[in-house]
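In what follows, a structure is listed as structure tokens, so that the remarks can point back to it.
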Amino acid sequence: MRHTAKTISTATTVAALLGTLAFSLPGISIAEDASAIAEGKKIAFNKKKGNCLACHDIKGGKLPGNIGPALSIEGVAMKDRFPDKSKLRAQIFDSRSANPNTIMPPFGAHEILSDAELDKVVEYIYSL
Amino acid sequence: MKKVAVIVSALCMLIAPLAGIAANPDQDLKNFRKHFTEKFSSVPLQDFTNGVYSVDKASREQWEAFEDFPPYEIFVDKGNVLFNKAFKNGKTYASCFPKAKKGIKQNYPFFDKKRGEVVTLELAINECRKKNGEKPLKYKKGKMAHLSAYIAYKSRGHKGNVKITSTPESMAWYDRGKKHFYAKRGQLNMSCADCHYYNAGNKIRADILSPALGHTSHFPVYRNKWSLASASGDGMGTLHRRYGGCNKQVRAKPFKAQSKEYRSLEYFHTFMSNGLTMNGPGIRK
């Protein structure tokens, strides 16, 4: 009985420890990011979803349009263009916040992408 | 009395720029044309009638090769046959369009003062049928597009000559069309102007966007895309068919062909190309 209780409590501690570690352990968070980034890329490239290539050149995308600025530029990381990630999210959520007359669709405000999809696209674009 | 007039005119001066539609079609036309002739300074004015090919040299050669054996020709011929075939009452379309063989497309659309509305060529074709006891045709393709193509073909060489009368009624039609052109719409929130004014010449994915100047000169149009979608390979479509397609692209609900909304848009859109030479029907992707 005692023994079992001890085992359980140890197990719980380990689980709790692992739980906290999952947020801080670099190995695990990279794995999570990587899958969000990969999914974000798919959403961004999908014609029926982000269709970002209609207007933006992005590394790996075929036949990009040139209405908007290139999003992947050699030597210029998106992190440097948008040091504040929430500003990048705002640009994609509702581009009108920066330029009221923009041609870029308000992906969040008009529910072209769901919140979850938008978050993944932000992760992907931020990684460029 | 004088004082009132001064106040009223002062108010108008305040309101007009605020409303952004100081109703002056002639000035609008000048500004519109200037935007494109400055943006594409190497393109001669009349060349804008060639749509995207006026600004996309790369695909122009291929398009010119198409013109050697134009796929719209058989539809112009069909239109010719329809035009000259007698209705049940013995009359033909010529009874409604006596000058069609010399070219009339350049004068459409026009504001009919008596009726208080804008009349397009396609609307007039159906009204001619009605007057002669025939059933109306569908507006976007088929026989209507063939008749329109035949009349457009006969009108080649004439210069666009749409008249905007300055009555409040016709100005209301013009303003509605102008607003449609510049207004954002659809889930994607884009205006005609976003693509065909501000971004003309730019690429949206692999497509180069045509300038709105000259857009209307070559309609109806034969499109490869429409031909592929048709069981009989009939790729002819009217201007309002195209409007509907461009509205759908931005996930906006298209208006009905020949609705008040699209007739207004056509009124504005075609007036902007006044002075450009009729060259319909055209061939496009």
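Residue numbers start at 1 in each chain; chains themselves are named A, B, ... in the order of the structure tokens; ligands are numbered from 1 in the order shown.
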
Using only C-alpha atoms, what does the table of chain A residues within 8 Å of chain B look like, with each row giving the shortest atom pair and its distance in Å to one decimal, sorted by chain and ascending number, as JSON lines?
{"residue": "A:Leu53", "atom": "CA", "partner": "B:Arg205", "partner_atom": "CA", "distance": 6.1}
{"residue": "A:Ala54", "atom": "CA", "partner": "B:Arg205", "partner_atom": "CA", "distance": 4.0}
{"residue": "A:Cys55", "atom": "CA", "partner": "B:Ile204", "partner_atom": "CA", "distance": 5.6}
{"residue": "A:Leu63", "atom": "CA", "partner": "B:Ala206", "partner_atom": "CA", "distance": 5.5}
{"residue": "A:Pro64", "atom": "CA", "partner": "B:Arg205", "partner_atom": "CA", "distance": 4.8}
{"residue": "A:Gly65", "atom": "CA", "partner": "B:Arg205", "partner_atom": "CA", "distance": 3.9}
{"residue": "A:Asn66", "atom": "CA", "partner": "B:Lys203", "partner_atom": "CA", "distance": 5.3}
{"residue": "A:Ile67", "atom": "CA", "partner": "B:Asn202", "partner_atom": "CA", "distance": 6.0}
{"residue": "A:Ile103", "atom": "CA", "partner": "B:Met190", "partner_atom": "CA", "distance": 5.9}
{"residue": "A:Met104", "atom": "CA", "partner": "B:Leu188", "partner_atom": "CA", "distance": 7.9}
{"residue": "A:Pro105", "atom": "CA", "partner": "B:Leu188", "partner_atom": "CA", "distance": 4.9}
{"residue": "A:Pro106", "atom": "CA", "partner": "B:Leu188", "partner_atom": "CA", "distance": 7.0}
{"residue": "A:Phe107", "atom": "CA", "partner": "B:Leu188", "partner_atom": "CA", "distance": 7.9}
{"residue": "A:His110", "atom": "CA", "partner": "B:Gln187", "partner_atom": "CA", "distance": 6.0}
{"residue": "A:Ile112", "atom": "CA", "partner": "B:Gln187", "partner_atom": "CA", "distance": 7.2}

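Among A:Glu74, A:Glu111, A:Glu39, A:Asp119, the residue with the shortest atom-to-atom distance to A:Lys59, counting only C-alpha atoms, is A:Glu74.
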
Taking the DSSP assignment computed from this structure's backbone, write out as a PyMOL selection string all residues of stretch 6-176 of chain B that belong to alpha helix (DSSP H).
chain B and resi 6-19+25-39+57-66+73-84+121-131+143-154+168-176

Would you mind exporting C-alpha atoms of the selected residues as a compact mmCIF listing (two decimals), in the first residue's frame?
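After the write, selection-v7.txt holds the following:
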# COMPACT_ATOMS: atom_id res chain seq x y z
CA VAL B 6 -23.06 82.28 -51.06
CA ILE B 7 -23.59 80.13 -48.00
CA VAL B 8 -24.97 77.28 -50.07
CA SER B 9 -22.09 77.35 -52.52
CA ALA B 10 -19.61 77.55 -49.65
CA LEU B 11 -21.26 74.51 -48.14
CA CYS B 12 -21.06 72.66 -51.43
CA MET B 13 -17.38 73.41 -51.68
CA LEU B 14 -16.93 71.98 -48.23
CA ILE B 15 -19.01 68.90 -48.84
CA ALA B 16 -17.86 68.01 -52.34
CA PRO B 17 -14.26 67.17 -51.47
CA LEU B 18 -15.38 65.45 -48.29
CA ALA B 19 -17.70 63.18 -50.19
CA PRO B 25 -16.78 62.85 -65.13
CA ASP B 26 -14.57 64.78 -67.57
CA GLN B 27 -12.04 65.51 -64.84
CA ASP B 28 -12.28 61.88 -63.66
CA LEU B 29 -11.49 60.70 -67.17
CA LYS B 30 -8.45 62.98 -67.44
CA ASN B 31 -7.06 61.82 -64.11
CA PHE B 32 -7.79 58.17 -64.87
CA ARG B 33 -6.07 58.30 -68.23
CA LYS B 34 -3.12 60.24 -66.85
CA HIS B 35 -2.57 57.64 -64.13
CA PHE B 36 -2.00 54.96 -66.77
CA THR B 37 -0.21 56.97 -69.43
CA GLU B 38 2.27 58.12 -66.77
CA LYS B 39 2.65 54.71 -65.17
CA LYS B 57 5.49 42.02 -73.73
CA ALA B 58 6.39 38.42 -72.84
CA SER B 59 2.97 36.97 -73.58
CA ARG B 60 2.12 39.39 -76.37
CA GLU B 61 3.72 37.37 -79.16
CA GLN B 62 1.78 34.24 -78.29
CA TRP B 63 -1.42 36.26 -78.18
CA GLU B 64 -0.70 37.86 -81.54
CA ALA B 65 -0.23 34.37 -82.99
CA PHE B 66 -3.73 33.51 -81.76
CA GLU B 73 -14.48 34.10 -85.62
CA ILE B 74 -17.02 31.29 -85.73
CA PHE B 75 -18.99 33.02 -82.98
CA VAL B 76 -18.99 36.31 -84.86
CA ASP B 77 -20.37 34.32 -87.80
CA LYS B 78 -23.05 32.78 -85.61
CA GLY B 79 -23.95 36.26 -84.40
CA ASN B 80 -24.20 37.43 -87.98
CA VAL B 81 -26.62 34.65 -88.83
CA LEU B 82 -28.73 35.37 -85.73
CA PHE B 83 -28.74 39.07 -86.44
CA ASN B 84 -30.12 38.60 -89.92
CA LEU B 121 -26.03 46.80 -75.73
CA GLU B 122 -27.06 43.45 -74.26
CA LEU B 123 -30.08 44.97 -72.54
CA ALA B 124 -31.10 46.61 -75.82
CA ILE B 125 -30.76 43.27 -77.63
CA ASN B 126 -33.21 41.61 -75.24
CA GLU B 127 -35.58 44.55 -75.40
CA CYS B 128 -35.59 44.25 -79.17
CA ARG B 129 -36.54 40.59 -78.80
CA LYS B 130 -39.29 41.41 -76.36
CA LYS B 131 -40.67 44.09 -78.65
CA LYS B 143 -26.43 33.53 -78.30
CA MET B 144 -26.32 36.85 -76.48
CA ALA B 145 -22.52 36.83 -76.53
CA HIS B 146 -22.56 35.85 -80.24
CA LEU B 147 -24.87 38.72 -81.19
CA SER B 148 -22.82 41.10 -79.09
CA ALA B 149 -19.62 39.79 -80.69
CA TYR B 150 -21.01 40.36 -84.17
CA ILE B 151 -22.05 43.93 -83.34
CA ALA B 152 -18.69 44.59 -81.66
CA TYR B 153 -16.90 43.28 -84.74
CA LYS B 154 -18.89 45.60 -87.00
CA PRO B 168 -28.86 64.30 -61.37
CA GLU B 169 -30.37 60.99 -62.44
CA SER B 170 -27.60 59.98 -64.82
CA MET B 171 -24.98 61.27 -62.39
CA ALA B 172 -26.43 58.95 -59.77
CA TRP B 173 -25.80 55.99 -62.10
CA TYR B 174 -22.30 57.21 -62.84
CA ASP B 175 -21.48 57.72 -59.16
CA ARG B 176 -22.79 54.29 -58.22

Leaving out B:Phe87 and any residue of its chain fewer than 6 positions from it, which residues lie within 9 Å of it when counting only C-alpha atoms, given as an mmCIF file with N, CA and C atoms, in the first residue's frame?
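Generated output (selection-v2.cif):
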data_model
loop_
_atom_site.group_PDB
_atom_site.id
_atom_site.type_symbol
_atom_site.label_atom_id
_atom_site.label_comp_id
_atom_site.auth_asym_id
_atom_site.auth_seq_id
_atom_site.Cartn_x
_atom_site.Cartn_y
_atom_site.Cartn_z
ATOM 1 N N TYR B 93 -33.294 41.946 -86.213
ATOM 2 C CA TYR B 93 -32.691 42.886 -85.266
ATOM 3 C C TYR B 93 -32.446 44.248 -85.920
ATOM 4 N N ARG B 129 -35.851 41.893 -78.704
ATOM 5 C CA ARG B 129 -36.535 40.592 -78.802
ATOM 6 C C ARG B 129 -37.941 40.677 -78.214
ATOM 7 N N ASN B 132 -40.446 42.301 -80.248
ATOM 8 C CA ASN B 132 -40.858 41.503 -81.397
ATOM 9 C C ASN B 132 -41.422 40.142 -81.004
ATOM 10 N N GLY B 133 -41.813 40.031 -79.756
ATOM 11 C CA GLY B 133 -42.496 38.816 -79.320
ATOM 12 C C GLY B 133 -41.608 37.602 -79.136
ATOM 13 N N GLU B 134 -40.295 37.830 -78.960
ATOM 14 C CA GLU B 134 -39.388 36.698 -78.739
ATOM 15 C C GLU B 134 -38.985 36.625 -77.267
#

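Atom pair atom CA of A:Ala34 / atom CA of A:Lys48 has a distance of 22.7 Å (rounded to one decimal).
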
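If you count only C-alpha atoms and ignore residues fewer than 3 places along the chain from B:Phe268, what sits within 7 Å of it is Tyr174, Gly177, Lys178, Ser264, Leu265, Phe271 and Met272 of chain B.
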
Keeping only N, CA, C and O atoms, write those residues as a short mmCIF file (atom, residue, chain, number, x, y, z; two decimals), in the first residue's frame.
data_model
loop_
_atom_site.label_atom_id
_atom_site.label_comp_id
_atom_site.auth_asym_id
_atom_site.auth_seq_id
_atom_site.Cartn_x
_atom_site.Cartn_y
_atom_site.Cartn_z
N TYR B 174 -23.75 57.09 -62.69
CA TYR B 174 -22.30 57.21 -62.84
C TYR B 174 -21.60 57.05 -61.49
O TYR B 174 -20.64 56.30 -61.35
N GLY B 177 -21.53 53.54 -60.17
CA GLY B 177 -20.53 52.74 -60.87
C GLY B 177 -19.12 53.07 -60.40
O GLY B 177 -18.29 52.18 -60.19
N LYS B 178 -18.88 54.35 -60.21
CA LYS B 178 -17.55 54.79 -59.75
C LYS B 178 -17.27 54.23 -58.36
O LYS B 178 -16.18 53.74 -58.08
N SER B 264 -24.39 50.21 -63.88
CA SER B 264 -23.73 51.43 -63.39
C SER B 264 -22.22 51.30 -63.53
O SER B 264 -21.54 52.22 -63.99
N LEU B 265 -21.70 50.15 -63.13
CA LEU B 265 -20.26 49.92 -63.23
C LEU B 265 -19.81 50.03 -64.69
O LEU B 265 -18.81 50.68 -64.99
N PHE B 271 -16.96 54.68 -69.82
CA PHE B 271 -16.70 56.11 -70.02
C PHE B 271 -15.21 56.40 -69.83
O PHE B 271 -14.63 57.21 -70.57
N MET B 272 -14.56 55.74 -68.88
CA MET B 272 -13.14 55.96 -68.62
C MET B 272 -12.28 55.64 -69.84
O MET B 272 -11.15 56.10 -69.95
#

For atom CA of B:Gly233 and atom CA of B:Gly142, the interatomic separation in Å (one decimal):
10.9 Å

Could you give me, as a PyMOL selection string, the residues within 7 Å of B:Lys140, counting only C-alpha atoms and dropping anything in the same chain fewer than 5 positions from it?
chain B and resi 145+237-238+240-241+257

Just to be explicit: take each residue in the selection above, keep all heavy atoms, and write the result as a compact mmCIF listing (two decimals), in the first residue's frame.
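The new file result.txt reads:
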# COMPACT_ATOMS: atom_id res chain seq x y z
N ALA B 145 -23.92 36.48 -76.32
CA ALA B 145 -22.52 36.83 -76.53
C ALA B 145 -22.18 36.80 -78.03
O ALA B 145 -21.35 37.59 -78.50
CB ALA B 145 -21.62 35.87 -75.75
N GLY B 237 -17.89 35.34 -73.77
CA GLY B 237 -18.59 35.83 -72.59
C GLY B 237 -18.69 37.35 -72.62
O GLY B 237 -17.85 38.03 -73.22
N THR B 238 -19.74 37.84 -71.97
CA THR B 238 -19.98 39.29 -71.96
C THR B 238 -19.20 39.96 -70.81
O THR B 238 -18.67 39.29 -69.93
CB THR B 238 -21.47 39.58 -71.77
OG1 THR B 238 -21.89 38.97 -70.52
CG2 THR B 238 -22.30 39.02 -72.91
N HIS B 240 -20.35 41.53 -68.31
CA HIS B 240 -20.92 41.26 -66.99
C HIS B 240 -20.56 39.87 -66.49
O HIS B 240 -20.52 39.62 -65.30
CB HIS B 240 -22.44 41.49 -67.00
CG HIS B 240 -22.81 42.93 -67.17
ND1 HIS B 240 -24.03 43.43 -66.83
CD2 HIS B 240 -22.09 43.99 -67.63
CE1 HIS B 240 -24.06 44.75 -67.09
NE2 HIS B 240 -22.90 45.09 -67.58
N ARG B 241 -20.27 38.96 -67.41
CA ARG B 241 -19.79 37.65 -66.99
C ARG B 241 -18.42 37.83 -66.32
O ARG B 241 -18.13 37.24 -65.29
CB ARG B 241 -19.67 36.73 -68.21
CG ARG B 241 -19.25 35.33 -67.85
CD ARG B 241 -19.22 34.42 -69.07
NE ARG B 241 -18.90 33.04 -68.70
CZ ARG B 241 -18.55 32.11 -69.57
NH1 ARG B 241 -18.50 32.38 -70.86
NH2 ARG B 241 -18.27 30.89 -69.15
N ALA B 257 -26.07 39.67 -63.90
CA ALA B 257 -25.75 40.34 -65.15
C ALA B 257 -26.91 41.28 -65.49
O ALA B 257 -28.08 40.91 -65.32
CB ALA B 257 -25.55 39.32 -66.26

Could you tell me how far atom CA of A:Lys120 sits from atom CA of A:Asp33, in Å to one decimal place?
9.0 Å
